[in-house]
$ cat upload.cif   # mmCIF, C-alpha atoms and all ligand atoms
data_final
loop_
_atom_site.label_atom_id
_atom_site.label_comp_id
_atom_site.auth_asym_id
_atom_site.auth_seq_id
_atom_site.Cartn_x
_atom_site.Cartn_y
_atom_site.Cartn_z
CA MET A 1 -11.58 -3.40 1.50
CA ILE A 2 -8.16 -3.11 3.16
CA HIS A 3 -8.72 -5.29 6.19
CA GLY A 4 -7.85 -8.72 7.53
CA HIS A 5 -5.14 -10.40 5.50
CA ARG A 6 -4.50 -7.25 3.43
CA THR A 7 -3.25 -4.89 6.10
CA HIS A 8 0.45 -4.97 5.31
CA THR A 9 2.96 -2.80 3.46
CA LEU A 10 3.44 -4.76 0.24
CA TRP A 11 -0.29 -5.20 -0.33
CA ILE A 12 -0.77 -1.46 -0.07
CA ALA A 13 2.16 -1.00 -2.45
CA PHE A 14 0.34 -3.29 -4.89
CA LEU A 15 -2.85 -1.24 -4.57
CA LEU A 16 -0.95 2.00 -5.16
CA HIS A 17 0.73 0.47 -8.22
CA ARG A 18 -2.60 -0.57 -9.72
CA ILE A 19 -4.33 2.76 -9.04
CA SER A 20 -1.39 4.72 -10.46
CA GLY A 21 -1.21 2.40 -13.50
CA VAL A 22 -4.89 2.86 -14.32
CA ALA A 23 -4.69 6.61 -13.67
CA LEU A 24 -1.74 6.89 -16.08
CA ALA A 25 -3.58 4.91 -18.73
CA LEU A 26 -6.49 7.36 -18.44
CA PHE A 27 -4.37 10.52 -18.27
CA LEU A 28 -1.75 9.92 -20.97
CA PRO A 29 -4.12 9.87 -23.99
CA ALA A 30 -5.55 13.25 -22.86
CA HIS A 31 -2.00 14.49 -22.32
CA PHE A 32 -0.88 13.60 -25.84
CA TRP A 33 -4.07 15.00 -27.30
CA VAL A 34 -3.38 18.39 -25.72
CA LEU A 35 0.26 18.23 -26.84
CA SER A 36 -0.92 17.65 -30.40
CA TYR A 37 -2.34 21.23 -30.29
CA ALA A 38 1.26 22.47 -30.42
CA LEU A 39 1.38 21.25 -34.03
CA ASN A 40 -2.21 21.74 -35.15
CA ALA A 41 -3.62 24.65 -33.15
CA PRO A 42 -0.95 26.62 -31.23
CA GLN A 43 -3.43 29.31 -30.07
CA LYS A 44 -5.63 26.63 -28.48
CA LEU A 45 -2.57 25.29 -26.66
CA ASP A 46 -1.80 28.76 -25.34
CA GLY A 47 -5.34 29.03 -24.05
CA PHE A 48 -5.01 25.66 -22.39
CA LEU A 49 -1.66 26.54 -20.83
CA HIS A 50 -3.21 29.69 -19.44
CA TRP A 51 -5.94 27.61 -17.81
CA ALA A 52 -3.25 25.24 -16.51
CA GLU A 53 -1.75 28.14 -14.52
CA THR A 54 -4.64 28.06 -12.04
CA PRO A 55 -3.70 26.72 -8.58
CA ILE A 56 -6.17 23.84 -8.65
CA VAL A 57 -4.66 22.50 -11.88
CA LYS A 58 -1.16 22.96 -10.46
CA PHE A 59 -2.19 20.86 -7.52
CA ALA A 60 -3.68 18.19 -9.79
CA GLU A 61 -0.34 18.13 -11.63
CA PHE A 62 1.38 17.46 -8.32
CA GLY A 63 -0.82 14.36 -8.06
CA LEU A 64 0.00 13.26 -11.59
CA VAL A 65 3.74 13.66 -11.12
CA PHE A 66 3.44 11.68 -7.91
CA LEU A 67 1.50 8.88 -9.63
CA LEU A 68 3.94 8.69 -12.55
CA SER A 69 6.92 8.66 -10.22
CA VAL A 70 5.45 6.14 -7.80
CA HIS A 71 4.46 3.85 -10.68
CA MET A 72 7.88 4.04 -12.31
CA LEU A 73 9.87 3.54 -9.11
CA GLY A 74 7.42 0.88 -7.90
CA GLY A 75 7.69 -0.92 -11.23
CA LEU A 76 11.49 -0.81 -11.04
CA ARG A 77 11.27 -2.15 -7.48
CA LEU A 78 9.12 -5.08 -8.64
CA MET A 79 11.47 -5.84 -11.50
CA ALA A 80 14.44 -5.76 -9.12
CA LEU A 81 12.57 -8.06 -6.72
CA GLU A 82 11.87 -10.50 -9.51
CA PHE A 83 15.13 -10.42 -11.45
CA LEU A 84 17.92 -9.58 -9.03
CA PRO A 85 19.05 -11.95 -6.26
CA TRP A 86 16.64 -11.84 -3.30
CA THR A 87 17.23 -9.22 -0.66
CA SER A 88 15.34 -8.61 2.54
CA GLY A 89 14.04 -5.09 3.15
CA GLN A 90 11.29 -5.15 0.51
CA LYS A 91 9.06 -3.08 2.79
CA THR A 92 11.76 -0.44 3.13
CA ALA A 93 12.14 -0.40 -0.65
CA ALA A 94 8.38 0.06 -1.13
CA ALA A 95 8.26 2.85 1.45
CA SER A 96 11.27 4.51 -0.18
CA THR A 97 9.55 4.66 -3.57
CA VAL A 98 6.65 6.53 -1.96
CA ALA A 99 9.04 8.85 -0.12
CA ALA A 100 11.10 9.58 -3.25
CA SER A 101 7.92 10.20 -5.26
CA THR A 102 6.53 12.61 -2.69
CA PHE A 103 9.86 14.44 -2.75
CA LEU A 104 9.95 14.62 -6.56
CA ALA A 105 6.34 15.75 -6.87
CA GLY A 106 6.91 18.25 -4.05
CA ILE A 107 9.83 19.82 -5.91
CA PHE A 108 7.69 19.99 -9.01
CA LEU A 109 4.93 21.77 -7.09
CA LEU A 110 7.37 24.25 -5.49
CA ARG A 111 8.88 25.11 -8.88
CA ALA A 112 5.42 25.52 -10.39
CA ILE A 113 4.12 28.04 -7.85
CA MET B 1 -12.02 -15.65 42.85
CA PRO B 2 -12.53 -13.21 39.94
CA LYS B 3 -15.79 -13.38 38.06
CA GLU B 4 -15.84 -15.98 35.30
CA GLN B 5 -15.03 -14.29 31.99
CA GLN B 6 -16.88 -15.10 28.78
CA MET B 7 -16.07 -14.33 25.14
CA SER B 8 -18.50 -14.29 22.24
CA VAL B 9 -17.42 -16.39 19.28
CA SER B 10 -19.06 -16.31 15.82
CA VAL B 11 -18.59 -19.61 13.99
CA TRP B 12 -19.45 -20.31 10.34
CA ARG B 13 -22.19 -22.92 9.96
CA GLY B 14 -23.15 -24.48 6.63
CA GLY B 15 -21.34 -24.94 3.31
CA ALA B 16 -20.81 -22.40 0.53
CA THR B 17 -23.99 -20.74 1.81
CA GLY B 18 -24.64 -20.50 5.50
CA ALA B 19 -24.36 -18.03 8.33
CA PHE B 20 -22.31 -17.25 11.42
CA GLN B 21 -23.68 -18.64 14.68
CA SER B 22 -22.77 -17.06 17.99
CA PHE B 23 -21.52 -19.00 21.02
CA ASP B 24 -20.51 -17.88 24.50
CA VAL B 25 -17.30 -19.56 25.56
CA LYS B 26 -15.57 -19.42 28.92
CA MET B 27 -12.14 -17.77 28.85
CA GLU B 28 -9.19 -19.73 30.19
CA ASP B 29 -5.51 -18.95 30.59
CA ASN B 30 -3.41 -20.24 27.69
CA GLN B 31 -6.34 -20.97 25.42
CA THR B 32 -5.86 -21.44 21.67
CA VAL B 33 -8.42 -20.78 18.94
CA LEU B 34 -8.52 -24.54 18.33
CA ASP B 35 -9.32 -25.08 22.03
CA VAL B 36 -12.31 -22.76 21.60
CA VAL B 37 -13.57 -24.66 18.55
CA ALA B 38 -13.10 -28.00 20.35
CA TRP B 39 -14.94 -26.65 23.42
CA ILE B 40 -17.92 -25.59 21.29
CA GLN B 41 -18.04 -28.99 19.60
CA GLN B 42 -17.83 -30.87 22.91
CA TYR B 43 -20.06 -28.75 25.13
CA ALA B 44 -22.31 -26.56 22.97
CA ASP B 45 -23.01 -28.24 19.63
CA PRO B 46 -21.63 -31.73 18.76
CA THR B 47 -22.60 -31.30 15.09
CA LEU B 48 -19.88 -28.68 14.50
CA SER B 49 -17.39 -29.95 11.87
CA TYR B 50 -13.74 -28.96 11.85
CA ARG B 51 -10.36 -30.56 11.23
CA TYR B 52 -7.17 -30.96 13.23
CA ALA B 53 -4.65 -33.66 14.11
CA CYS B 54 -1.37 -32.80 15.86
CA ARG B 55 -2.27 -29.69 17.95
CA VAL B 56 1.41 -28.64 17.89
CA GLY B 57 1.85 -26.95 14.50
CA MET B 58 3.23 -29.90 12.59
CA CYS B 59 0.42 -31.42 10.52
CA GLY B 60 -1.05 -28.32 8.85
CA SER B 61 -4.69 -29.43 9.11
CA CYS B 62 -6.20 -26.88 11.52
CA ALA B 63 -5.99 -23.64 9.50
CA MET B 64 -9.07 -21.39 9.56
CA MET B 65 -9.95 -17.72 9.03
CA VAL B 66 -9.82 -15.91 12.36
CA ASN B 67 -11.23 -12.36 12.16
CA GLY B 68 -10.62 -12.49 8.39
CA VAL B 69 -6.98 -13.57 8.67
CA PRO B 70 -5.84 -17.12 7.84
CA ARG B 71 -4.11 -18.73 10.84
CA TRP B 72 -3.00 -22.09 12.24
CA THR B 73 -5.57 -22.29 15.03
CA CYS B 74 -3.69 -24.78 17.25
CA ARG B 75 -0.86 -22.26 17.76
CA THR B 76 -2.86 -19.05 17.82
CA HIS B 77 -3.59 -17.82 21.32
CA VAL B 78 -7.02 -16.39 21.96
CA ASN B 79 -5.62 -13.31 23.69
CA LYS B 80 -3.71 -12.46 20.50
CA VAL B 81 -6.82 -12.29 18.32
CA LEU B 82 -9.71 -11.43 20.65
CA LYS B 83 -11.15 -7.95 19.93
CA ASP B 84 -13.42 -6.50 22.62
CA GLY B 85 -14.27 -9.98 23.87
CA HIS B 86 -15.27 -11.15 20.41
CA MET B 87 -13.81 -13.21 17.57
CA GLU B 88 -15.04 -14.66 14.29
CA ILE B 89 -13.94 -18.10 13.03
CA GLY B 90 -14.61 -19.22 9.46
CA PRO B 91 -13.42 -21.86 6.98
CA LEU B 92 -10.23 -21.17 5.00
CA ARG B 93 -10.66 -18.76 2.11
CA ASN B 94 -10.21 -19.76 -1.57
CA LEU B 95 -11.22 -23.41 -0.99
CA PRO B 96 -14.62 -25.12 -1.33
CA VAL B 97 -16.35 -25.47 2.06
CA ILE B 98 -17.46 -29.01 2.91
CA LYS B 99 -19.24 -28.13 6.14
CA ASP B 100 -18.77 -25.52 8.85
CA LEU B 101 -15.00 -25.08 9.36
CA ALA B 102 -13.85 -27.99 7.17
CA THR B 103 -12.72 -27.14 3.62
CA ASP B 104 -11.99 -29.42 0.69
CA MET B 105 -8.19 -29.30 0.34
CA ASP B 106 -8.11 -31.24 -2.96
CA PRO B 107 -7.63 -28.21 -5.26
CA PHE B 108 -4.70 -27.11 -3.07
CA PHE B 109 -2.92 -30.48 -3.26
CA ASP B 110 -3.81 -31.13 -6.91
CA LYS B 111 -1.89 -27.95 -7.74
CA TRP B 112 1.28 -29.30 -6.09
CA VAL B 113 1.18 -32.07 -8.68
CA ALA B 114 0.21 -29.68 -11.49
CA ALA B 115 3.26 -27.54 -10.63
CA GLU B 116 5.46 -30.66 -10.97
CA GLY B 117 6.29 -30.27 -7.29
CA LEU B 118 7.11 -33.97 -7.20
CA HIS B 119 10.33 -35.92 -7.35
CA HIS B 120 11.70 -36.92 -10.75
CA PRO B 121 14.30 -39.55 -9.80
CA THR B 122 17.80 -39.76 -11.27
CA GLN B 123 18.52 -43.15 -9.69
CA THR B 124 16.80 -46.31 -8.51
CA ARG B 125 16.50 -47.73 -5.00
CA ASP B 126 19.35 -50.14 -5.81
CA ASP B 127 21.90 -47.36 -6.32
CA PRO B 128 24.02 -46.22 -3.37
CA ILE B 129 22.76 -43.14 -1.50
CA GLU B 130 24.14 -39.97 -3.05
CA ALA B 131 25.99 -37.58 -0.74
CA ILE B 132 24.59 -34.01 -0.74
CA ASP B 133 26.77 -31.12 0.42
CA PRO B 134 24.63 -29.15 2.90
CA THR B 135 26.58 -25.93 2.22
CA ASN B 136 25.99 -26.05 -1.52
CA ALA B 137 24.16 -22.86 -2.67
CA ALA B 138 21.26 -24.68 -4.34
CA ARG B 139 20.79 -26.86 -1.26
CA VAL B 140 20.82 -23.81 1.03
CA GLU B 141 18.11 -22.25 -1.16
CA ILE B 142 15.84 -25.21 -0.29
CA ASN B 143 16.30 -24.88 3.48
CA ALA B 144 13.22 -22.74 4.01
CA GLY B 145 10.84 -24.39 1.55
CA ILE B 146 11.13 -27.88 3.04
CA GLU B 147 9.73 -26.59 6.35
CA CYS B 148 6.31 -26.13 4.70
CA ILE B 149 3.53 -27.98 6.58
CA ASN B 150 0.97 -27.78 3.73
CA CYS B 151 -1.47 -25.78 5.84
CA SER B 152 -2.81 -23.66 2.95
CA VAL B 153 -2.67 -20.46 4.99
CA CYS B 154 -0.68 -18.76 2.20
CA TYR B 155 -3.16 -20.04 -0.39
CA ALA B 156 -6.04 -18.54 1.60
CA ALA B 157 -4.18 -15.22 1.98
CA CYS B 158 -3.38 -14.85 -1.74
CA ASP B 159 -5.60 -12.42 -3.68
CA THR B 160 -4.23 -13.75 -6.97
CA VAL B 161 -5.69 -17.18 -6.14
CA ALA B 162 -8.98 -15.45 -5.28
CA GLY B 163 -9.00 -13.71 -8.67
CA ASN B 164 -7.81 -16.65 -10.79
CA PRO B 165 -8.90 -20.16 -9.74
CA ASP B 166 -6.29 -21.67 -12.10
CA TYR B 167 -3.37 -19.97 -10.35
CA LEU B 168 -1.15 -22.65 -8.79
CA GLY B 169 -0.65 -20.57 -5.66
CA PRO B 170 2.27 -19.84 -3.34
CA ALA B 171 2.73 -23.24 -1.65
CA ALA B 172 2.73 -25.34 -4.84
CA LEU B 173 5.11 -22.91 -6.56
CA GLN B 174 7.41 -22.87 -3.55
CA ARG B 175 7.43 -26.68 -3.65
CA ALA B 176 8.31 -26.57 -7.36
CA TRP B 177 11.18 -24.19 -6.54
CA SER B 178 12.52 -26.63 -3.90
CA VAL B 179 12.37 -29.56 -6.32
CA TYR B 180 13.93 -27.42 -9.05
CA ASN B 181 16.94 -26.74 -6.81
CA ASP B 182 17.32 -30.39 -5.84
CA SER B 183 20.49 -31.82 -7.41
CA LYS B 184 18.81 -35.25 -7.37
CA ASP B 185 16.00 -34.12 -9.66
CA ALA B 186 16.08 -35.36 -13.25
CA ASN B 187 13.46 -33.23 -15.01
CA LYS B 188 13.94 -29.54 -14.33
CA GLN B 189 12.55 -28.60 -17.74
CA ALA B 190 9.20 -30.22 -16.82
CA ILE B 191 9.08 -27.99 -13.73
CA LEU B 192 9.87 -24.81 -15.68
CA ASP B 193 7.20 -25.70 -18.25
CA ALA B 194 4.63 -26.44 -15.55
CA VAL B 195 5.21 -23.19 -13.66
CA SER B 196 5.17 -20.93 -16.73
CA GLY B 197 1.74 -21.93 -18.08
CA VAL B 198 -1.55 -20.00 -17.72
CA GLY B 199 -1.81 -20.60 -13.98
CA GLY B 200 1.93 -20.22 -13.44
CA CYS B 201 4.31 -18.07 -11.43
CA HIS B 202 3.97 -15.02 -13.68
CA ASN B 203 0.46 -14.40 -12.31
CA CYS B 204 1.96 -13.39 -8.96
CA HIS B 205 1.82 -9.63 -8.24
CA SER B 206 4.37 -9.83 -5.39
CA GLN B 207 1.82 -8.66 -2.83
CA GLY B 208 3.58 -10.83 -0.28
CA SER B 209 0.46 -11.81 1.70
CA CYS B 210 1.77 -15.39 1.56
CA ALA B 211 4.99 -14.40 3.32
CA VAL B 212 3.24 -12.19 5.87
CA HIS B 213 0.81 -14.89 6.98
CA CYS B 214 2.80 -18.15 6.66
CA PRO B 215 2.86 -19.49 10.24
CA ASN B 216 6.33 -20.96 9.70
CA GLU B 217 7.65 -17.61 8.48
CA LEU B 218 8.49 -19.03 5.06
CA ASN B 219 8.64 -16.75 2.04
CA PRO B 220 6.88 -18.22 -1.01
CA MET B 221 7.14 -14.81 -2.73
CA ASN B 222 10.92 -15.24 -2.70
CA ALA B 223 10.61 -18.75 -4.21
CA ILE B 224 8.22 -17.43 -6.90
CA ALA B 225 10.68 -14.64 -7.76
CA GLY B 226 13.28 -17.40 -8.21
CA LEU B 227 10.99 -19.25 -10.62
CA LYS B 228 10.30 -16.02 -12.56
CA ARG B 229 14.05 -15.54 -12.92
CA GLU B 230 14.74 -19.10 -14.02
CA THR B 231 11.80 -19.26 -16.48
CA ALA B 232 12.97 -15.96 -18.03
CA ARG B 233 16.56 -17.22 -18.28
CA ASN B 234 15.29 -20.45 -19.83
CA PHE B 235 13.18 -18.52 -22.36
CA PHE B 236 16.19 -16.61 -23.70
CA LYS B 237 18.47 -19.64 -23.56
CA ARG B 238 16.07 -21.63 -25.72
CA ARG B 239 15.84 -18.89 -28.35
CA THR B 240 19.57 -18.60 -28.94
C1 LIG C 1 7.51 4.51 -16.28
C2 LIG C 1 7.88 3.28 -16.47
C3 LIG C 1 6.98 2.14 -16.04
C4 LIG C 1 7.41 1.03 -15.36
C5 LIG C 1 8.85 0.74 -14.89
C6 LIG C 1 6.25 0.16 -15.16
C7 LIG C 1 6.28 -1.07 -14.53
C8 LIG C 1 5.20 -1.87 -14.29
C9 LIG C 1 5.24 -3.22 -13.72
C10 LIG C 1 6.49 -3.98 -13.31
C11 LIG C 1 3.96 -3.67 -13.64
C12 LIG C 1 3.51 -5.03 -13.10
C13 LIG C 1 2.97 -4.92 -11.70
C14 LIG C 1 2.41 -6.18 -11.13
O1 LIG C 1 2.91 -7.29 -11.41
O2 LIG C 1 1.45 -6.09 -10.35
C15 LIG C 1 3.09 -2.61 -14.16
C16 LIG C 1 1.70 -2.67 -14.21
C17 LIG C 1 0.88 -1.75 -14.80
N1 LIG C 1 1.29 -0.59 -15.45
FE1 LIG C 1 3.18 0.12 -15.52
N2 LIG C 1 5.15 0.76 -15.70
C18 LIG C 1 5.54 1.97 -16.27
C19 LIG C 1 4.74 2.86 -16.95
C20 LIG C 1 3.35 2.73 -17.13
C21 LIG C 1 2.53 3.66 -17.88
C22 LIG C 1 3.05 4.88 -18.63
C23 LIG C 1 1.23 3.19 -17.77
C24 LIG C 1 -0.02 3.78 -18.35
C25 LIG C 1 -0.27 3.74 -19.64
C26 LIG C 1 1.25 1.99 -16.96
C27 LIG C 1 0.14 1.24 -16.64
C28 LIG C 1 0.15 0.07 -15.91
C29 LIG C 1 -1.03 -0.69 -15.52
C30 LIG C 1 -2.49 -0.34 -15.81
C31 LIG C 1 -0.57 -1.82 -14.82
C32 LIG C 1 -1.41 -2.93 -14.20
C33 LIG C 1 -1.41 -2.80 -12.71
C34 LIG C 1 -1.48 -4.12 -12.01
O3 LIG C 1 -1.46 -5.19 -12.61
O4 LIG C 1 -1.55 -4.10 -10.78
N3 LIG C 1 2.56 1.73 -16.60
N4 LIG C 1 3.88 -1.54 -14.54
S1 LIG C 2 3.31 -12.82 -3.42
FE1 LIG C 2 2.32 -13.88 -5.12
S2 LIG C 2 1.83 -15.89 -4.33
FE2 LIG C 2 2.27 -14.59 -2.54
S3 LIG C 2 0.24 -13.87 -1.91
FE3 LIG C 2 1.09 -12.38 -3.33
S4 LIG C 2 0.33 -12.91 -5.37
FE4 LIG C 2 -0.01 -14.67 -3.99
S1 LIG C 3 4.21 -22.01 2.78
FE1 LIG C 3 3.66 -21.61 4.91
S2 LIG C 3 1.52 -20.95 4.79
FE2 LIG C 3 1.98 -21.96 2.88
S3 LIG C 3 1.33 -24.08 3.13
FE3 LIG C 3 3.52 -23.97 3.65
S4 LIG C 3 3.59 -23.63 5.85
FE4 LIG C 3 1.50 -23.17 5.19
S1 LIG C 4 -3.45 -29.27 14.43
FE1 LIG C 4 -1.63 -29.80 13.34
S2 LIG C 4 -0.89 -27.82 12.71
FE2 LIG C 4 -2.60 -27.28 13.96
#
$ encode --input "upload.cif" --output "structure tokens" --more "lines below"
Ligand code: HEM
Ligand code: SF4
Ligand code: SF4
Ligand code: FES
Amino acid sequence: MIHGHRTHTLWIAFLLHRISGVALALFLPAHFWVLSYALNAPQKLDGFLHWAETPIVKFAEFGLVFLLSVHMLGGLRLMALEFLPWTSGQKTAAASTVAASTFLAGIFLLRAI
Amino acid sequence: MPKEQQMSVSVWRGGATGAFQSFDVKMEDNQTVLDVVAWIQQYADPTLSYRYACRVGMCGSCAMMVNGVPRWTCRTHVNKVLKDGHMEIGPLRNLPVIKDLATDMDPFFDKWVAAEGLHHPTQTRDDPIEAIDPTNAARVEINAGIECINCSVCYAACDTVAGNPDYLGPAALQRAWSVYNDSKDANKQAILDAVSGVGGCHNCHSQGSCAVHCPNELNPMNAIAGLKRETARNFFKRRT
């Protein structure tokens, strides 16, 4: 799928933005549903939080934090590209959003374990 | 003398449906992809259809897909694209195929008009010629766009065009941006209206394939960002 005319930085940034956007749209409803336990069924929430302590879930959370961060920074990058005066270095900006997101999610993972 | 070297070239035959046909072509020094196509047509199969005119990167008529990448074939050297002695040449993407390597460019050019990428005069031919300051910021903004050779390489590279046949595409929008910045243009509102409709500039996802593949190293993505800015500014200006 990524071949020929698509093998360049900004196309891959687009793909990452779409995947992270769809993943967020799928994850957030589940997220809010679990949070609603805090009001309606606190003991269920405790049970869930206990399950969320397992390493595999911690690692999945690393992925989620990364996706949220990369989507937010990538979205801000696109809005800057579109609404601020043009600057070269768009590839650097796209790579930086991925780097910053990896860093952020990494810190999150280190604090969690 | 070294042994004569051959390359194997797959060439699209047919229209919208068809198949790739393989040819063995002798390798030469300083051979372009267009040279290869011309050789096949002259020596292997005279019924092969393709299009070119200037052979020096001026006319924009020779663009084709080479190994899945849109390129101006008259200025693409074989040794740059050959992979293990093989290459694949097809008609430009995102356009109807007439026959073999020749595409119907009408949709591409119709969209230049649909984007109002045409001159709306402020004066008549009887008026004196207006002096334009070449250092003026709006004039400098046009510098890149006017080098476009209408080759449709960017249009073939754009996945937004592939997904939405109504999308005006990078070249037409870049043209609209040039005309919009022209101090001699009388109807800038018509341009903004034309580029903010269903097929307009806001469809663009800033993937930048247009800028990566444009053989003249132009940046339609930059021009489209300019149109997004101006249409947004215009939207708020009109409301207040
Ligand atoms: C955190 C702040 C956010 C910012 C700054 C942001 C920004 C953006 C921008 C600018 C686009 C357009 C991209 C394009 O033109 O291709 C976009 C697309 C999208 N966003 Fe977000 N977004 C944010 C949060 C979210 C959230 C929370 C969700 C999930 C509910 C989400 C889901 C999507 C989806 C599905 C797309 C479509 C992807 C595409 O067209 O390629 N976004 N976002
Ligand atoms: S930047 Fe916009 S116009 Fe250029 S290839 Fe991408 S979607 Fe198409
Ligand atoms: S912008 Fe570049 S790729 Fe597109 S038609 Fe003009 S010269 Fe060709
Ligand atoms: S033949 Fe004119 S640009 Fe290639």
$ residues_near_ligand --input "upload.cif" --ligand "ligand LIG 3 (chain C)" --cutoff "8 Å" --atoms "all atoms listed in the file" --output "ChimeraX atom specification"
/B:60,145,147-155,170-171,174,210-211,213-220
$ closest_residue --input "upload.cif" --among "B:Met221, B:Ala115, B:Leu173, B:Ala19" --to "chain A" --atoms "all atoms listed in the file"
B:Met221
$ interface_residues --input "upload.cif" --of "chain B" --to "chain A" --cutoff "12 Å" --atoms "all atoms listed in the file" --output "PyMOL selection string"
chain B and resi 65-71+81+88+92-93+141+153-160+201-202+204-214+219-233
$ atom_distance --input "upload.cif" --atom1 "atom C14 of ligand LIG 1 (chain C)" --atom2 "atom CA of Asn203 of chain B"
8.5 Å
$ atom_distance --input "upload.cif" --atom1 "atom CA of Ala25 of chain A" --atom2 "atom C27 of ligand LIG 1 (chain C)"
5.6 Å
$ closest_residue --input "upload.cif" --among "B:Met64, B:Val161, B:Val179, B:Ala138" --to "Asp100 of chain B" --atoms "all atoms listed in the file"
B:Met64
$ atom_distance --input "upload.cif" --atom1 "atom CA of Ala16 of chain B" --atom2 "atom CA of Ile98 of chain B"
7.8 Å
$ residues_around --input "upload.cif" --residues "segment 20-22 of chain B" --least-positions-apart "3" --cutoff "7 Å" --atoms "all atoms listed in the file" --output "list of chain:residue names"
B:Ser8, B:Val9, B:Ser10, B:Val11, B:Trp12, B:Arg13
$ closest_residue --input "upload.cif" --among "A:Leu109, A:Leu49, A:Leu64, A:Val57" --to "ligand LIG 1 (chain C)" --atoms "all atoms listed in the file"
A:Leu64
$ axis_aligned_box --input "upload.cif" --around "segment 56-71 of chain A" --padding-each-side "5 Å" --output "lines of an AutoDock Vina configuration file"
center_x = 0.4
center_y = 13.8
center_z = -10.0
size_x = 23.1
size_y = 30.0
size_z = 15.0
$ closest_residue --input "upload.cif" --among "B:Ser183, B:Pro165, B:Pro96, B:Asp35" --to "Ala137 of chain B" --atoms "all atoms listed in the file"
B:Ser183
$ closest_residue --input "upload.cif" --among "B:Pro134, B:Gly57, B:Gly14, B:Pro91" --to "ligand LIG 4 (chain C)" --atoms "only C-alpha atoms and all ligand atoms"
B:Gly57
$ residues_near_ligand --input "upload.cif" --ligand "ligand LIG 4 (chain C)" --cutoff "7 Å" --atoms "only C-alpha atoms and all ligand atoms" --output "PDB file with C-alpha atoms, in the coordinates of the input"
ATOM      1  CA  TYR B  52      -7.170 -30.960  13.230  1.00  0.00           C
ATOM      2  CA  ALA B  53      -4.650 -33.660  14.110  1.00  0.00           C
ATOM      3  CA  CYS B  54      -1.370 -32.800  15.860  1.00  0.00           C
ATOM      4  CA  ARG B  55      -2.270 -29.690  17.950  1.00  0.00           C
ATOM      5  CA  VAL B  56       1.410 -28.640  17.890  1.00  0.00           C
ATOM      6  CA  GLY B  57       1.850 -26.950  14.500  1.00  0.00           C
ATOM      7  CA  MET B  58       3.230 -29.900  12.590  1.00  0.00           C
ATOM      8  CA  CYS B  59       0.420 -31.420  10.520  1.00  0.00           C
ATOM      9  CA  GLY B  60      -1.050 -28.320   8.850  1.00  0.00           C
ATOM     10  CA  SER B  61      -4.690 -29.430   9.110  1.00  0.00           C
ATOM     11  CA  CYS B  62      -6.200 -26.880  11.520  1.00  0.00           C
ATOM     12  CA  ALA B  63      -5.990 -23.640   9.500  1.00  0.00           C
ATOM     13  CA  TRP B  72      -3.000 -22.090  12.240  1.00  0.00           C
ATOM     14  CA  THR B  73      -5.570 -22.290  15.030  1.00  0.00           C
ATOM     15  CA  CYS B  74      -3.690 -24.780  17.250  1.00  0.00           C
ATOM     16  CA  ARG B  75      -0.860 -22.260  17.760  1.00  0.00           C
TER      17      ARG B  75
END
$ closest_residue --input "upload.cif" --among "A:Phe103, A:Gly63, A:Ala112, A:Arg77" --to "Ala23 of chain A" --atoms "all atoms listed in the file"
A:Gly63
$ residues_near_point --input "upload.cif" --point "(-15.4, -24.7, 17.6)" --cutoff "9 Å" --atoms "only C-alpha atoms" --output "PyMOL selection string"
chain B and resi 9+11+33-42+44-45+48-50+89+101
$ closest_atom_pairs --input "upload.cif" --of "chain A" --to "ligand LIG 1 (chain C)" --cutoff "6 Å" --atoms "only C-alpha atoms and all ligand atoms" --output "CSV"
residue,atom,partner,partner_atom,distance
A:His17,CA,C:LIG1,O4,5.7
A:Arg18,CA,C:LIG1,O4,3.8
A:Gly21,CA,C:LIG1,C27,3.6
A:Val22,CA,C:LIG1,C30,4.3
A:Leu24,CA,C:LIG1,C24,4.2
A:Ala25,CA,C:LIG1,C25,3.6
A:His71,CA,C:LIG1,N2,5.9
A:Met72,CA,C:LIG1,C1,4.0
A:Gly75,CA,C:LIG1,C7,3.6
A:Leu76,CA,C:LIG1,C5,4.9
A:Leu78,CA,C:LIG1,C10,5.5
A:Met79,CA,C:LIG1,C10,5.6
$ residues_around --input "upload.cif" --residues "Thr32 of chain B" --least-positions-apart "6" --cutoff "6 Å" --atoms "all atoms listed in the file" --output "list of chain:residue names"
B:Cys74, B:Thr76, B:His77, B:Val78
$ residues_around --input "upload.cif" --residues "Val98 of chain A" --least-positions-apart "6" --cutoff "9 Å" --atoms "all atoms listed in the file" --output "number ranges by chain"
A: 13, 66, 69-70, 73-74
